[in-house]
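Take a look at the structure below.
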Amino acid sequence: VTFLPIIATRRDGGVHTEEELRFLANGAADGSIPDYQLAAWLMAAYLNPLTAQETAWLTLAMADSGERLDLSGLPKPWVDKHSTGGVGDKTSIVVLPLLAACGLTVIKMSGRGLGITGGTVDKLSAVPGFRVDLTPEEMKTQARRIGLALTGQTPALAPADKTLYALRDVTATVGSIPLIVSSILSKKLAGGADVIVLDVKCGSGAFMKSLDEAQRLTTALLETAKLCGLQVRVAITDMSEPLGAAVGNALEVAEALSVLDSRRRGDLPGGTLRFQRLCTELAAITLEAAGVSPDRDSALRAVSEALSSGAAMQKASEWFVAQGASDPRSDSFVLPAAQLVREVRSPSAGYVGKIHCDAVGQAVLELGGGRLLKTDEIDPAVGLVLQVEVGSPVRVGEAIFTIHASSAEAADRAEAAVANAFEFSADRAPAVGPVLEVR
Ligand code: URA
């Protein structure tokens with residue numbers, strides 16, 4: 001087999017064999033297919049989407065491009081969670097230690113930022129010392145010891161996704177449903193968990209902008225999971241405004257820790273409280289799916305208890321230390337801070353009607369918080385912190401967001417871009433969400 005006819009098959013809307021997709025996954029993993037040919041295939045696959053069967057074959061081939069973790073010997077249930085990606089989506093940093101504090105064994109493989117959405121790997125990489133390249137053995141040893149381990153894609157686990165993911169990010173081919181499905185589910189297969197909760201984001205800050213599209217992605221995830229022998233639960237959640245207050249890698253880690261740390265509860269801004277609600281609901285959905293709690297209400301009680309008792313924060317500390325960072329409760333824990341911090345004030349009075357997340361996400365990307373080229377280095381310190389959320393009353397001249405930038409010019413550009421992201425209205429918009437549907 002050579003790759004050129006495989007590109008032509010996709011370009012012409014043909015159907016791949018399983019062998020062709022294995023050739024693709026292995027070639028992406030070992031570097032024997034060059035980036036330009038993979039990029040051409042990705043664009044063809046964006047324009048001529050893979051069938052359900054092709055998606056399942058690609059998913060299995062990507063999972064098999066590296067090792068698959070065998071979790072036997074670790075306490076059950078083994079759980080994993082994944083999001084399709086959103087602006088300000090730092091949910092995993094809260095939900096993983098929360099679930100581990102509730103007694104589950106949590107194993108997760110995360111991705112880098114993709115398009116306007118941030119990636120958990122980039123967020124945790126903003127923490128000095130935090131390793132996101134654990135070996136399979138390290139994953140298992142750590143999960144046995146503290147109930148939780150997270151890694152990025154390494155040469156050992158789903159390496160084909162590492163290559164394809166980085167290329168999709170910079171070739172405008174992220175938003176294809178079969179490509180998203182194979183990317184997510186290949187990592188979940190490689191991770192070895194048997195309870196998998198997927199957070200399908202829906203709205204201007206997600207790849208699926210409408211509920212209809214999010215439902216189509218959900219159906220595809222469920223269908224491919226079944227073909228691959230994976231049990232998954234899907235929650236469709238609102239992404240029509242940035243999630244939480246912070247957007248930007250180090251800023252989001254700080255926000256996630258503020259949700260976990262009961263000493264800081266009480267002074268959280270509105271957007272952060274909405275984010276906290278999403279985290280507790282997703283954690284409760286996971287406890288229910290794992291059969292640990294008999295129903296949603298008792299699951300929610302267990303989750304609230306893990307948060308308010310400090311058990312979840314204690315678990316987060318163990319996790320950060322185990323992966324090479326300082327204890328987030330200690331003085332030696334310092335996150336990178338931006339050169340320049342600028343407050344931006346509201347030009348209007350009324351209620352915040354909309355905050356367009358694509359403009360916010362794009363602004364953070366251009367501040368240096370994401371990549372425009374595969375090889376771009378991320379600036380972990382930059383980003384935005386929103387002081388208001390949809391529904392907040394505002395007066396003229398009241399601070400509505402803060403820019404964290406590396407220079408005045410970069411802050412000027414972000415200010416202009418984000419000013420257009422806000423819509424104001426005379427009436428208060430009804431609150432949406434956070435969970436729209438569970439399947
Ligand atoms: N998360 C992933 O891991 N892959 C995607 O394609 C989108 C979100």
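In the structure tokens, the first chain shown is A, the next is B, and so on; residue numbers restart at 1 for each chain, and ligands run from 1 in the order shown.
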Legend entry - A:Ala312 surroundings by only C-alpha atoms, 7 Å radius, close-in-sequence under 3 positions cut, as a PyMOL selection string: chain A and resi 97-98+101+260+306-307+315-316
Please dump the current selection as a PDB file, in the first residue's frame; keep N, CA and C atoms.
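Output saved as selection-v9.pdb:
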```pdb
ATOM      1  N   PRO A  97      -9.995  15.340  39.963  1.00  0.00           N
ATOM      2  CA  PRO A  97      -9.732  15.116  41.391  1.00  0.00           C
ATOM      3  C   PRO A  97     -11.013  14.922  42.204  1.00  0.00           C
ATOM      4  N   LEU A  98     -12.092  15.551  41.755  1.00  0.00           N
ATOM      5  CA  LEU A  98     -13.378  15.395  42.439  1.00  0.00           C
ATOM      6  C   LEU A  98     -13.826  13.930  42.379  1.00  0.00           C
ATOM      7  N   ALA A 101     -11.599  11.791  44.497  1.00  0.00           N
ATOM      8  CA  ALA A 101     -11.940  11.968  45.925  1.00  0.00           C
ATOM      9  C   ALA A 101     -13.199  11.181  46.283  1.00  0.00           C
ATOM     10  N   LEU A 260     -11.982  24.257  43.485  1.00  0.00           N
ATOM     11  CA  LEU A 260     -11.705  23.098  44.337  1.00  0.00           C
ATOM     12  C   LEU A 260     -11.400  23.477  45.781  1.00  0.00           C
ATOM     13  N   ALA A 306     -17.553  16.051  48.765  1.00  0.00           N
ATOM     14  CA  ALA A 306     -16.126  15.973  48.415  1.00  0.00           C
ATOM     15  C   ALA A 306     -15.540  17.365  48.198  1.00  0.00           C
ATOM     16  N   LEU A 307     -16.363  18.290  47.715  1.00  0.00           N
ATOM     17  CA  LEU A 307     -15.892  19.666  47.519  1.00  0.00           C
ATOM     18  C   LEU A 307     -15.810  20.408  48.847  1.00  0.00           C
ATOM     19  N   LYS A 315      -7.055  15.916  46.972  1.00  0.00           N
ATOM     20  CA  LYS A 315      -6.722  15.009  45.858  1.00  0.00           C
ATOM     21  C   LYS A 315      -6.001  15.772  44.748  1.00  0.00           C
ATOM     22  N   ALA A 316      -6.450  17.008  44.495  1.00  0.00           N
ATOM     23  CA  ALA A 316      -5.782  17.811  43.467  1.00  0.00           C
ATOM     24  C   ALA A 316      -4.324  18.066  43.857  1.00  0.00           C
TER      25      ALA A 316
END
```
Return as a short mmCIF file (atom, residue, chain, number, x, y, z; two decimals) with C-alpha atoms, in the first residue's frame the residues of protein, DNA or RNA that approach ligand 1 to within 9 Å, with only C-alpha atoms and all ligand atoms taken into account.
```cif
data_model
loop_
_atom_site.label_atom_id
_atom_site.label_comp_id
_atom_site.auth_asym_id
_atom_site.auth_seq_id
_atom_site.Cartn_x
_atom_site.Cartn_y
_atom_site.Cartn_z
CA HIS A 82 -13.50 13.97 27.79
CA SER A 83 -14.84 17.15 26.30
CA THR A 84 -15.25 18.00 22.63
CA GLY A 85 -13.63 21.33 23.51
CA GLY A 86 -14.79 24.79 24.45
CA MET A 109 -5.49 11.14 28.09
CA SER A 110 -5.92 14.79 27.10
CA GLY A 111 -5.14 16.91 24.06
CA ARG A 112 -3.54 20.27 23.36
CA GLY A 113 -5.59 23.31 22.38
CA LEU A 114 -7.53 22.94 19.14
CA THR A 117 -10.75 25.88 22.21
CA GLY A 119 -6.65 21.93 25.66
CA ASP A 161 -3.90 11.08 17.22
CA TYR A 165 -4.64 16.38 16.03
CA ARG A 168 -6.08 19.40 12.12
CA ASP A 169 -5.50 22.33 14.43
CA VAL A 174 -11.02 20.32 13.23
CA GLY A 175 -14.80 20.54 12.88
CA SER A 176 -15.41 17.27 11.03
CA ILE A 177 -17.62 14.96 13.12
CA PRO A 178 -15.87 11.67 12.14
CA LEU A 179 -12.44 13.22 12.81
CA ILE A 180 -13.55 14.48 16.24
CA VAL A 181 -15.11 11.10 17.06
CA SER A 182 -12.03 9.07 16.09
CA SER A 183 -9.72 11.48 17.91
CA ILE A 184 -11.66 11.33 21.17
CA LEU A 185 -12.58 7.66 21.17
CA SER A 186 -9.09 6.45 20.17
CA LYS A 187 -7.71 8.16 23.28
CA PHE A 207 -17.13 23.18 17.21
#
```
Can you check which residues of stretch 162-257 of chain A DSSP gives as strand (DSSP E or B) on the backbone and send them as an mmCIF file with C-alpha atoms, in the first residue's frame?
```cif
data_model
loop_
_atom_site.group_PDB
_atom_site.id
_atom_site.type_symbol
_atom_site.label_atom_id
_atom_site.label_comp_id
_atom_site.auth_asym_id
_atom_site.auth_seq_id
_atom_site.Cartn_x
_atom_site.Cartn_y
_atom_site.Cartn_z
ATOM 1 C CA VAL A 195 -16.898 4.072 32.324
ATOM 2 C CA ILE A 196 -16.548 6.964 29.902
ATOM 3 C CA VAL A 197 -18.399 10.264 30.145
ATOM 4 C CA LEU A 198 -18.240 12.594 27.166
ATOM 5 C CA ASP A 199 -19.063 16.284 27.424
ATOM 6 C CA VAL A 200 -20.330 17.464 24.031
ATOM 7 C CA LYS A 201 -20.123 21.233 23.981
ATOM 8 C CA CYS A 202 -22.744 23.220 22.103
ATOM 9 C CA MET A 208 -20.838 22.302 17.230
ATOM 10 C CA VAL A 232 -20.131 5.801 26.931
ATOM 11 C CA ARG A 233 -22.512 8.305 28.499
ATOM 12 C CA VAL A 234 -22.839 11.679 26.753
ATOM 13 C CA ALA A 235 -23.869 15.023 28.261
ATOM 14 C CA ILE A 236 -24.568 17.878 25.853
ATOM 15 C CA THR A 237 -23.648 21.085 27.701
ATOM 16 C CA ASP A 238 -24.001 24.774 27.026
ATOM 17 C CA ALA A 246 -10.945 32.831 32.807
ATOM 18 C CA VAL A 247 -9.809 32.036 29.266
#
```
Legend entry - All residues 7 Å or closer to A:Leu104, only C-alpha atoms, same chain fewer than 5 positions away omitted, as a ChimeraX atom specification: /A:76-79,99,147
Inset, instruction - Would you mind reading off the distance between atom CA of A:Glu20 and atom CA of A:Ala158, one decimal, in Å? - result: 17.5 Å
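Among the candidate residues A:Pro430, A:Gly270, A:Pro347, A:Pro294, the one lying nearest to A:Gln387 is A:Gly270, with distances computed using only C-alpha atoms.
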Inset, instruction - Identify which of the residues A:Ala29, A:Val394, A:Ala325, A:Ala126 lies closest to A:Glu377, counting only C-alpha atoms when measuring atom-to-atom distances. - result: A:Ala126
